[in-house]
$ cat my_file-v5.pdb   # PDB, C-alpha atoms
ATOM      1  CA  MET A   1      27.133 -21.749  -4.146
ATOM      2  CA  ASP A   2      28.191 -24.675  -6.334
ATOM      3  CA  LEU A   3      25.029 -26.475  -7.460
ATOM      4  CA  ASN A   4      26.841 -29.346  -9.187
ATOM      5  CA  HIS A   5      24.566 -32.383  -8.995
ATOM      6  CA  ASN A   6      27.425 -34.568  -7.695
ATOM      7  CA  ILE A   7      27.639 -32.551  -4.499
ATOM      8  CA  GLU A   8      25.270 -33.622  -1.780
ATOM      9  CA  LEU A   9      23.583 -30.632  -0.196
ATOM     10  CA  ASP A  10      21.472 -30.361   2.916
ATOM     11  CA  SER A  11      18.159 -29.282   1.397
ATOM     12  CA  THR A  12      17.411 -27.078   4.413
ATOM     13  CA  LYS A  13      20.779 -25.305   4.571
ATOM     14  CA  VAL A  14      20.018 -22.640   1.998
ATOM     15  CA  PHE A  15      16.846 -21.682   3.856
ATOM     16  CA  ARG A  16      18.557 -21.564   7.244
ATOM     17  CA  ASP A  17      21.344 -19.434   5.795
ATOM     18  CA  LEU A  18      18.810 -17.065   4.259
ATOM     19  CA  GLN A  19      16.909 -16.822   7.528
ATOM     20  CA  ASP A  20      20.088 -15.820   9.356
ATOM     21  CA  LYS A  21      20.886 -13.267   6.675
ATOM     22  CA  PHE A  22      17.398 -11.733   6.680
ATOM     23  CA  GLU A  23      17.337 -11.502  10.480
ATOM     24  CA  ASN A  24      20.644  -9.664  10.401
ATOM     25  CA  ASN A  25      19.369  -7.316   7.678
ATOM     26  CA  LEU A  26      16.282  -6.482   9.728
ATOM     27  CA  ARG A  27      18.418  -5.776  12.777
ATOM     28  CA  PHE A  28      20.399  -3.177  10.819
ATOM     29  CA  SER A  29      17.283  -1.662   9.237
ATOM     30  CA  LEU A  30      15.588  -1.094  12.585
ATOM     31  CA  LEU A  31      18.529   1.020  13.696
ATOM     32  CA  GLU A  32      18.045   3.505  10.848
ATOM     33  CA  ASN A  33      15.330   5.973   9.788
ATOM     34  CA  LEU A  34      13.312   5.543  12.964
ATOM     35  CA  GLU A  35      11.414   8.790  12.396
ATOM     36  CA  LYS A  36      10.185   7.681   8.970
ATOM     37  CA  LEU A  37       9.466   4.196  10.264
ATOM     38  CA  SER A  38       7.337   5.679  13.038
ATOM     39  CA  GLN A  39       5.474   7.828  10.511
ATOM     40  CA  VAL A  40       4.783   4.833   8.264
ATOM     41  CA  GLU A  41       3.510   2.738  11.177
ATOM     42  CA  LEU A  42       1.250   5.536  12.407
ATOM     43  CA  LYS A  43      -0.310   6.035   8.979
ATOM     44  CA  ALA A  44      -0.775   2.283   8.577
ATOM     45  CA  ARG A  45      -2.748   2.230  11.836
ATOM     46  CA  ALA A  46      -4.784   5.158  10.538
ATOM     47  CA  PHE A  47      -5.836   2.961   7.605
ATOM     48  CA  ALA A  48      -7.307   0.345   9.953
ATOM     49  CA  ILE A  49      -8.922   2.908  12.254
ATOM     50  CA  LEU A  50     -10.548   4.686   9.319
ATOM     51  CA  GLY A  51     -12.155   1.409   8.306
ATOM     52  CA  GLN A  52     -13.300   0.873  11.882
ATOM     53  CA  ILE A  53     -14.944   4.315  11.999
ATOM     54  CA  LEU A  54     -16.759   3.615   8.736
ATOM     55  CA  ARG A  55     -18.046   0.302  10.121
ATOM     56  CA  GLU A  56     -19.487   2.105  13.147
ATOM     57  CA  SER A  57     -21.994   3.934  10.948
ATOM     58  CA  PRO A  58     -25.502   2.581  11.708
ATOM     59  CA  ASN A  59     -26.684   3.112   8.129
ATOM     60  CA  LEU A  60     -23.944   1.202   6.345
ATOM     61  CA  SER A  61     -25.152  -1.085   3.562
ATOM     62  CA  ARG A  62     -24.054  -4.703   3.333
ATOM     63  CA  SER A  63     -21.870  -3.828   0.353
ATOM     64  CA  HIS A  64     -20.153  -1.020   2.231
ATOM     65  CA  LYS A  65     -19.590  -3.200   5.299
ATOM     66  CA  GLU A  66     -17.796  -5.728   3.135
ATOM     67  CA  ILE A  67     -15.746  -3.058   1.384
ATOM     68  CA  THR A  68     -14.454  -1.740   4.731
ATOM     69  CA  ALA A  69     -12.555  -5.028   5.150
ATOM     70  CA  ILE A  70     -10.114  -3.646   2.583
ATOM     71  CA  PHE A  71      -8.798  -1.143   5.139
ATOM     72  CA  ASP A  72      -7.598  -3.938   7.447
ATOM     73  CA  GLU A  73      -5.946  -5.665   4.509
ATOM     74  CA  LEU A  74      -4.176  -2.426   3.613
ATOM     75  CA  PHE A  75      -2.835  -2.117   7.159
ATOM     76  CA  THR A  76      -1.507  -5.677   6.967
ATOM     77  CA  ASP A  77       0.051  -5.198   3.537
ATOM     78  CA  VAL A  78       1.843  -1.990   4.548
ATOM     79  CA  VAL A  79       3.310  -3.581   7.674
ATOM     80  CA  ILE A  80       4.462  -6.707   5.837
ATOM     81  CA  SER A  81       5.887  -4.607   2.997
ATOM     82  CA  ILE A  82       7.987  -2.702   5.529
ATOM     83  CA  TYR A  83       9.055  -5.930   7.220
ATOM     84  CA  LEU A  84      10.156  -7.461   3.914
ATOM     85  CA  ALA A  85      12.052  -4.315   2.918
ATOM     86  CA  GLY A  86      13.716  -4.336   6.339
ATOM     87  CA  CYS A  87      14.904  -7.874   5.589
ATOM     88  CA  SER A  88      16.246  -6.550   2.246
ATOM     89  CA  LEU A  89      13.597  -8.471   0.308
ATOM     90  CA  ASP A  90      12.932  -5.457  -1.876
ATOM     91  CA  LYS A  91      10.998  -7.076  -4.710
ATOM     92  CA  PRO A  92       8.353  -8.799  -2.539
ATOM     93  CA  ALA A  93       8.077  -5.551  -0.567
ATOM     94  CA  GLN A  94       7.419  -3.575  -3.750
ATOM     95  CA  THR A  95       4.908  -6.153  -4.964
ATOM     96  CA  LEU A  96       2.849  -5.713  -1.801
ATOM     97  CA  LEU A  97       3.126  -1.938  -2.016
ATOM     98  CA  ARG A  98       1.594  -1.943  -5.489
ATOM     99  CA  ARG A  99      -1.301  -3.919  -4.023
ATOM    100  CA  VAL A 100      -1.696  -1.247  -1.343
ATOM    101  CA  LEU A 101      -1.897   1.509  -3.952
ATOM    102  CA  GLU A 102      -4.364  -0.412  -6.102
ATOM    103  CA  LEU A 103      -6.642  -1.544  -3.263
ATOM    104  CA  GLY A 104      -6.524   1.873  -1.605
ATOM    105  CA  ILE A 105      -7.901   3.490  -4.740
ATOM    106  CA  ALA A 106     -10.336   0.608  -5.244
ATOM    107  CA  VAL A 107     -11.989   1.377  -1.885
ATOM    108  CA  ILE A 108     -13.370   4.640  -3.242
ATOM    109  CA  TYR A 109     -14.087   3.299  -6.719
ATOM    110  CA  LEU A 110     -16.101   0.373  -5.328
ATOM    111  CA  TRP A 111     -17.825   2.411  -2.629
ATOM    112  CA  ASN A 112     -20.026   4.209  -5.139
ATOM    113  CA  MET A 113     -20.295   1.317  -7.599
ATOM    114  CA  PRO A 114     -21.129  -1.683  -5.423
ATOM    115  CA  HIS A 115     -22.100  -3.799  -8.428
ATOM    116  CA  HIS A 116     -18.425  -3.717  -9.407
ATOM    117  CA  PHE A 117     -17.568  -4.895  -5.899
ATOM    118  CA  TRP A 118     -19.821  -7.942  -6.221
ATOM    119  CA  GLY A 119     -18.449  -8.687  -9.670
ATOM    120  CA  TRP A 120     -14.941  -8.478  -8.218
ATOM    121  CA  LYS A 121     -15.806 -10.606  -5.186
ATOM    122  CA  CYS A 122     -18.141 -13.227  -6.645
ATOM    123  CA  HIS A 123     -17.525 -13.395 -10.384
ATOM    124  CA  ASP A 124     -13.743 -13.105 -10.749
ATOM    125  CA  LYS A 125     -13.976  -9.669 -12.368
ATOM    126  CA  ASP A 126     -10.730  -7.723 -12.401
ATOM    127  CA  LEU A 127     -10.167  -4.154 -11.291
ATOM    128  CA  ASN A 128      -8.246  -2.025 -13.769
ATOM    129  CA  PHE A 129      -6.005   0.584 -12.174
ATOM    130  CA  ASN A 130      -6.148   3.074 -15.035
ATOM    131  CA  GLU A 131      -9.925   2.772 -15.341
ATOM    132  CA  MET A 132     -10.356   3.420 -11.618
ATOM    133  CA  VAL A 133      -8.065   6.440 -11.698
ATOM    134  CA  GLU A 134      -9.793   7.931 -14.732
ATOM    135  CA  CYS A 135     -13.200   7.400 -13.142
ATOM    136  CA  LEU A 136     -12.187   9.149  -9.919
ATOM    137  CA  ASN A 137     -10.619  11.974 -11.905
ATOM    138  CA  SER A 138     -13.652  12.543 -14.134
ATOM    139  CA  ALA A 139     -15.535  15.833 -13.948
ATOM    140  CA  SER A 140     -18.712  13.950 -13.074
ATOM    141  CA  TYR A 141     -17.175  12.170 -10.108
ATOM    142  CA  LYS A 142     -15.520  15.325  -8.792
ATOM    143  CA  SER A 143     -18.873  17.128  -8.976
ATOM    144  CA  PHE A 144     -20.406  14.276  -6.997
ATOM    145  CA  VAL A 145     -17.719  14.509  -4.306
ATOM    146  CA  ALA A 146     -18.143  18.287  -4.120
ATOM    147  CA  SER A 147     -21.862  17.768  -3.487
ATOM    148  CA  GLU A 148     -21.040  15.360  -0.628
ATOM    149  CA  ASN A 149     -18.101  17.297   0.813
ATOM    150  CA  THR A 150     -18.461  21.072   0.768
ATOM    151  CA  ASN A 151     -14.811  21.396   1.836
ATOM    152  CA  PHE A 152     -13.608  19.832  -1.401
ATOM    153  CA  SER A 153     -12.307  22.535  -3.727
ATOM    154  CA  ASP A 154      -9.202  20.954  -5.281
ATOM    155  CA  ASN A 155      -8.789  20.170  -8.962
ATOM    156  CA  SER A 156      -8.517  16.458  -8.194
ATOM    157  CA  LEU A 157      -9.133  14.052  -5.336
ATOM    158  CA  PHE A 158      -5.479  13.001  -5.283
ATOM    159  CA  ASP A 159      -2.289  13.426  -7.285
ATOM    160  CA  ILE A 160      -3.149  11.421 -10.398
ATOM    161  CA  ASN A 161       0.245  11.784 -12.076
ATOM    162  CA  GLU A 162       2.064  10.722  -8.926
ATOM    163  CA  ALA A 163      -0.182   7.676  -8.549
ATOM    164  CA  LYS A 164       0.388   6.587 -12.151
ATOM    165  CA  LYS A 165       4.140   7.092 -11.879
ATOM    166  CA  ILE A 166       4.422   5.011  -8.711
ATOM    167  CA  TYR A 167       2.143   2.320 -10.091
ATOM    168  CA  ARG A 168       4.203   2.079 -13.268
ATOM    169  CA  ASN A 169       7.480   1.752 -11.361
ATOM    170  CA  LEU A 170       6.068  -0.908  -9.045
ATOM    171  CA  SER A 171       4.570  -2.746 -12.021
ATOM    172  CA  ASN A 172       8.052  -3.130 -13.497
ATOM    173  CA  THR A 173       8.816  -5.380 -10.536
ATOM    174  CA  ILE A 174       5.622  -7.380 -11.020
ATOM    175  CA  HIS A 175       6.316  -7.909 -14.725
ATOM    176  CA  GLY A 176       9.938  -8.904 -14.192
ATOM    177  CA  LYS A 177      11.715  -6.134 -16.077
ATOM    178  CA  ILE A 178      15.438  -6.944 -16.272
ATOM    179  CA  SER A 179      16.259  -3.663 -14.543
ATOM    180  CA  THR A 180      14.531  -5.013 -11.426
ATOM    181  CA  PHE A 181      16.425  -8.339 -11.214
ATOM    182  CA  GLU A 182      17.786  -8.894  -7.707
ATOM    183  CA  SER A 183      19.779 -12.019  -8.563
ATOM    184  CA  VAL A 184      22.275 -10.139 -10.758
ATOM    185  CA  LEU A 185      23.336  -7.733  -8.004
ATOM    186  CA  PRO A 186      26.719  -8.420  -6.363
ATOM    187  CA  GLU A 187      25.338  -7.763  -2.862
ATOM    188  CA  ARG A 188      21.904  -9.259  -3.381
ATOM    189  CA  PHE A 189      19.684  -9.713  -0.354
ATOM    190  CA  THR A 190      22.136  -7.731   1.776
ATOM    191  CA  TYR A 191      21.250  -4.722   3.934
ATOM    192  CA  ASN A 192      21.555  -1.548   1.918
ATOM    193  CA  LYS A 193      20.824   1.738   3.659
ATOM    194  CA  PRO A 194      19.789   3.703   0.510
ATOM    195  CA  ASP A 195      17.379   0.923  -0.528
ATOM    196  CA  TRP A 196      15.805   0.882   2.936
ATOM    197  CA  GLU A 197      15.412   4.669   2.919
ATOM    198  CA  GLU A 198      13.990   4.609  -0.602
ATOM    199  CA  HIS A 199      11.340   2.040   0.284
ATOM    200  CA  LEU A 200      10.228   3.916   3.390
ATOM    201  CA  GLU A 201       9.924   7.093   1.345
ATOM    202  CA  LEU A 202       7.931   5.273  -1.326
ATOM    203  CA  VAL A 203       5.543   3.858   1.276
ATOM    204  CA  ILE A 204       4.989   7.360   2.672
ATOM    205  CA  ARG A 205       4.209   8.677  -0.816
ATOM    206  CA  VAL A 206       1.627   5.931  -1.342
ATOM    207  CA  GLN A 207       0.112   6.501   2.099
ATOM    208  CA  ASN A 208      -0.148  10.244   1.533
ATOM    209  CA  LEU A 209      -1.894   9.718  -1.814
ATOM    210  CA  LEU A 210      -4.471   7.415  -0.264
ATOM    211  CA  LEU A 211      -5.067   9.538   2.820
ATOM    212  CA  GLN A 212      -5.640  12.566   0.593
ATOM    213  CA  LEU A 213      -8.146  10.617  -1.510
ATOM    214  CA  TRP A 214     -10.005   9.248   1.501
ATOM    215  CA  LYS A 215     -10.106  12.632   3.207
ATOM    216  CA  HIS A 216     -11.801  14.193   0.195
ATOM    217  CA  ARG A 217     -14.337  11.384  -0.136
ATOM    218  CA  PHE A 218     -14.966  10.678   3.581
ATOM    219  CA  ASN A 219     -14.468  14.124   5.063
ATOM    220  CA  ASP A 220     -16.654  13.616   8.156
ATOM    221  CA  VAL A 221     -15.094  10.240   8.866
ATOM    222  CA  PHE A 222     -11.629  11.713   8.432
ATOM    223  CA  GLN A 223     -12.426  14.417  10.980
ATOM    224  CA  GLU A 224     -13.305  11.664  13.454
ATOM    225  CA  LEU A 225     -10.027   9.926  12.607
ATOM    226  CA  GLU A 226      -8.099  13.090  13.482
ATOM    227  CA  LYS A 227      -9.921  13.270  16.823
ATOM    228  CA  ARG A 228      -8.906   9.715  17.654
ATOM    229  CA  MET A 229      -5.403  10.134  16.250
ATOM    230  CA  PRO A 230      -4.472  13.831  16.645
ATOM    231  CA  SER A 231      -0.936  13.099  15.492
ATOM    232  CA  ILE A 232      -2.174  12.063  12.037
ATOM    233  CA  ALA A 233      -3.007  15.690  11.231
ATOM    234  CA  ARG A 234       0.559  16.766  12.015
ATOM    235  CA  ILE A 235       2.465  14.449   9.698
TER     236      ILE A 235
END
$ encode --input "my_file-v5.pdb" --output "structure tokens"
Amino acid sequence: MDLNHNIELDSTKVFRDLQDKFENNLRFSLLENLEKLSQVELKARAFAILGQILRESPNLSRSHKEITAIFDELFTDVVISIYLAGCSLDKPAQTLLRRVLELGIAVIYLWNMPHHFWGWKCHDKDLNFNEMVECLNSASYKSFVASENTNFSDNSLFDINEAKKIYRNLSNTIHGKISTFESVLPERFTYNKPDWEEHLELVIRVQNLLLQLWKHRFNDVFQELEKRMPSIARI
């Protein structure tokens, strides 16, 4: 597009053209990888249902009730991330996915340290991804989980190296590394089958990490989830 200031442009045209392009991209995306898309959607619903089951506990503290709201936000973020990727808006999709990974780990971190939750909610305190991961991977925390969940016998609550690798890659998008620039690509914002497949696979990896973590920490609740969603145990 020629952006010469002497040319009069309809200020809405670029947005209408983009809308048409994104709608067409989504149409193509929804014709491909339906099995993975179904798996992603099912696991996203499991996020929300897990939060619902936790809220049904009669002995939940006020702090814990507030923390369960994160599960609904995670469901929303996963769905919108998929939608954006389907429109070939890869960078916004990846930005949301990093938020899913970070908040999904934060649920467990905050659950047992509610004072950090209130600092985060009321006093603009930040959550540090690496600090949360190291805390949940500490010998002390794993001993605590083992005392709460007799079925826990793994070396870690989730794949720490995988989580850090994904977080690092997604952070490159957040921090605007040149290698992530969309505007320099010849077919920018155009449907690309490998990109669509790659994002779906990345979402599944993030979902699996979080489900593994939550299962170890909330074993009884997770058993109830599998009763309500038997298919979740098979994927």
$ resolve_selection --input "my_file-v5.pdb" --expression "the PyMOL selection byres ((chain A and resi 156) around 9)" --output "number ranges by chain"
A: 136-138, 142, 153-155, 157-160, 213
$ atom_distance --input "my_file-v5.pdb" --atom1 "atom CA of Ala85 of chain A" --atom2 "atom CA of Glu32 of chain A"
12.6 Å
$ resolve_selection --input "my_file-v5.pdb" --expression "the PyMOL selection byres ((chain A and resi 75-77) around 10)" --output "list in words"
Glu41, Lys43, Ala44, Arg45, Ala46, Phe47, Ala48, Ile49, Ile70, Phe71, Asp72, Glu73, Leu74, Val78, Val79, Ile80, Ser81, Ile82, Tyr83, Ala93, Thr95, Leu96, Leu97, Arg98, Arg99 and Val100 of chain A
$ closest_atom_pairs --input "my_file-v5.pdb" --of "segment 40-153 of chain A" --to "segment 14-27 of chain A" --cutoff "9 Å" --atoms "all atoms listed in the file" --output "Markdown table"
| residue | atom | partner | partner_atom | distance |
| --- | --- | --- | --- | --- |
| A:Tyr83 | CA | A:Leu26 | CA | 7.7 |
| A:Leu84 | CA | A:Leu26 | CA | 8.5 |
| A:Ala85 | CA | A:Leu26 | CA | 8.3 |
| A:Gly86 | CA | A:Leu26 | CA | 4.8 |
| A:Cys87 | CA | A:Leu26 | CA | 4.6 |
| A:Ser88 | CA | A:Asn25 | CA | 6.3 |
| A:Leu89 | CA | A:Phe22 | CA | 8.1 |
$ closest_residue --input "my_file-v5.pdb" --among "A:Phe28, A:Trp111, A:Phe222, A:Tyr191" --to "Ser63 of chain A" --atoms "only C-alpha atoms"
A:Trp111
$ atom_distance --input "my_file-v5.pdb" --atom1 "atom CA of Asn151 of chain A" --atom2 "atom CA of Ser57 of chain A"
21.0 Å
$ residues_around --input "my_file-v5.pdb" --residues "segment 161-171 of chain A" --least-positions-apart "6" --cutoff "12 Å" --atoms "all atoms listed in the file" --output "ChimeraX atom specification"
/A:90-105,128-134,137,177,179-180,199,201-210,212-213
$ atom_distance --input "my_file-v5.pdb" --atom1 "atom CA of Asn149 of chain A" --atom2 "atom CA of Glu224 of chain A"
14.6 Å
$ closest_residue --input "my_file-v5.pdb" --among "A:Leu110, A:Leu34, A:Val40, A:Ile232" --to "Glu66 of chain A" --atoms "only C-alpha atoms"
A:Leu110
$ axis_aligned_box --input "my_file-v5.pdb" --around "segment 217-220 of chain A" --padding-each-side "5 Å" --output "JSON"
{"center_x": -15.5, "center_y": 12.4, "center_z": 4.0, "size_x": 12.3, "size_y": 13.4, "size_z": 18.3}
$ closest_residue --input "my_file-v5.pdb" --among "A:Leu37, A:Ala69, A:Val145, A:Leu42" --to "Phe218 of chain A" --atoms "only C-alpha atoms"
A:Val145
$ closest_residue --input "my_file-v5.pdb" --among "A:Phe152, A:Gln39, A:Pro194, A:Glu187" --to "Ala233 of chain A" --atoms "all atoms listed in the file"
A:Gln39
$ decode --input "my_file-v5.pdb" --residues "segment 90-153 of chain A" --atoms "C-alpha atoms" --output "mmCIF file, in the first residue's frame"
data_model
loop_
_atom_site.group_PDB
_atom_site.id
_atom_site.type_symbol
_atom_site.label_atom_id
_atom_site.label_comp_id
_atom_site.auth_asym_id
_atom_site.auth_seq_id
_atom_site.Cartn_x
_atom_site.Cartn_y
_atom_site.Cartn_z
ATOM 1 C CA ASP A 90 0.214 -15.516 15.214
ATOM 2 C CA LYS A 91 1.918 -12.962 17.443
ATOM 3 C CA PRO A 92 -1.186 -11.962 19.454
ATOM 4 C CA ALA A 93 -2.023 -15.670 19.715
ATOM 5 C CA GLN A 94 1.419 -16.434 21.142
ATOM 6 C CA THR A 95 1.199 -13.498 23.542
ATOM 7 C CA LEU A 96 -2.007 -14.890 25.033
ATOM 8 C CA LEU A 97 -0.540 -18.382 25.202
ATOM 9 C CA ARG A 98 2.355 -17.149 27.325
ATOM 10 C CA ARG A 99 -0.229 -15.664 29.682
ATOM 11 C CA VAL A 100 -1.930 -19.062 29.871
ATOM 12 C CA LEU A 101 1.325 -20.772 30.830
ATOM 13 C CA GLU A 102 2.190 -18.142 33.425
ATOM 14 C CA LEU A 103 -1.266 -17.937 35.021
ATOM 15 C CA GLY A 104 -1.678 -21.714 34.970
ATOM 16 C CA ILE A 105 1.457 -22.128 37.055
ATOM 17 C CA ALA A 106 0.498 -19.147 39.219
ATOM 18 C CA VAL A 107 -2.700 -20.931 40.312
ATOM 19 C CA ILE A 108 -0.682 -23.490 42.255
ATOM 20 C CA TYR A 109 1.956 -21.031 43.439
ATOM 21 C CA LEU A 110 -0.682 -18.663 44.847
ATOM 22 C CA TRP A 111 -2.879 -21.417 46.264
ATOM 23 C CA ASN A 112 -0.432 -22.176 49.059
ATOM 24 C CA MET A 113 0.859 -18.619 49.457
ATOM 25 C CA PRO A 114 -2.287 -16.491 49.561
ATOM 26 C CA HIS A 115 -0.386 -13.452 50.826
ATOM 27 C CA HIS A 116 1.299 -13.350 47.418
ATOM 28 C CA PHE A 117 -2.147 -13.454 45.823
ATOM 29 C CA TRP A 118 -3.288 -10.387 47.759
ATOM 30 C CA GLY A 119 -0.058 -8.583 46.959
ATOM 31 C CA TRP A 120 -0.613 -9.411 43.290
ATOM 32 C CA LYS A 121 -4.277 -8.390 43.363
ATOM 33 C CA CYS A 122 -4.248 -5.339 45.629
ATOM 34 C CA HIS A 123 -0.719 -3.951 45.683
ATOM 35 C CA ASP A 124 0.488 -4.255 42.081
ATOM 36 C CA LYS A 125 3.040 -6.936 42.967
ATOM 37 C CA ASP A 126 4.361 -8.888 40.006
ATOM 38 C CA LEU A 127 4.596 -12.642 39.636
ATOM 39 C CA ASN A 128 7.965 -13.893 38.431
ATOM 40 C CA PHE A 129 7.787 -16.975 36.229
ATOM 41 C CA ASN A 130 11.202 -18.352 37.150
ATOM 42 C CA GLU A 131 10.613 -17.811 40.867
ATOM 43 C CA MET A 132 7.289 -19.653 40.686
ATOM 44 C CA VAL A 133 8.803 -22.562 38.782
ATOM 45 C CA GLU A 134 11.732 -22.876 41.177
ATOM 46 C CA CYS A 135 9.393 -22.771 44.165
ATOM 47 C CA LEU A 136 7.181 -25.540 42.781
ATOM 48 C CA ASN A 137 10.247 -27.596 41.906
ATOM 49 C CA SER A 138 11.867 -27.260 45.335
ATOM 50 C CA ALA A 139 12.364 -30.342 47.492
ATOM 51 C CA SER A 140 10.300 -28.734 50.241
ATOM 52 C CA TYR A 141 7.302 -28.117 48.015
ATOM 53 C CA LYS A 142 7.438 -31.595 46.495
ATOM 54 C CA SER A 143 7.498 -33.094 49.999
ATOM 55 C CA PHE A 144 4.438 -31.011 50.838
ATOM 56 C CA VAL A 145 2.576 -32.243 47.750
ATOM 57 C CA ALA A 146 3.530 -35.844 48.534
ATOM 58 C CA SER A 147 2.014 -35.417 52.001
ATOM 59 C CA GLU A 148 -1.233 -34.144 50.426
ATOM 60 C CA ASN A 149 -1.340 -36.569 47.499
ATOM 61 C CA THR A 150 -0.161 -40.093 48.261
ATOM 62 C CA ASN A 151 -0.296 -40.905 44.534
ATOM 63 C CA PHE A 152 2.443 -38.396 43.774
ATOM 64 C CA SER A 153 5.727 -40.212 43.209
#
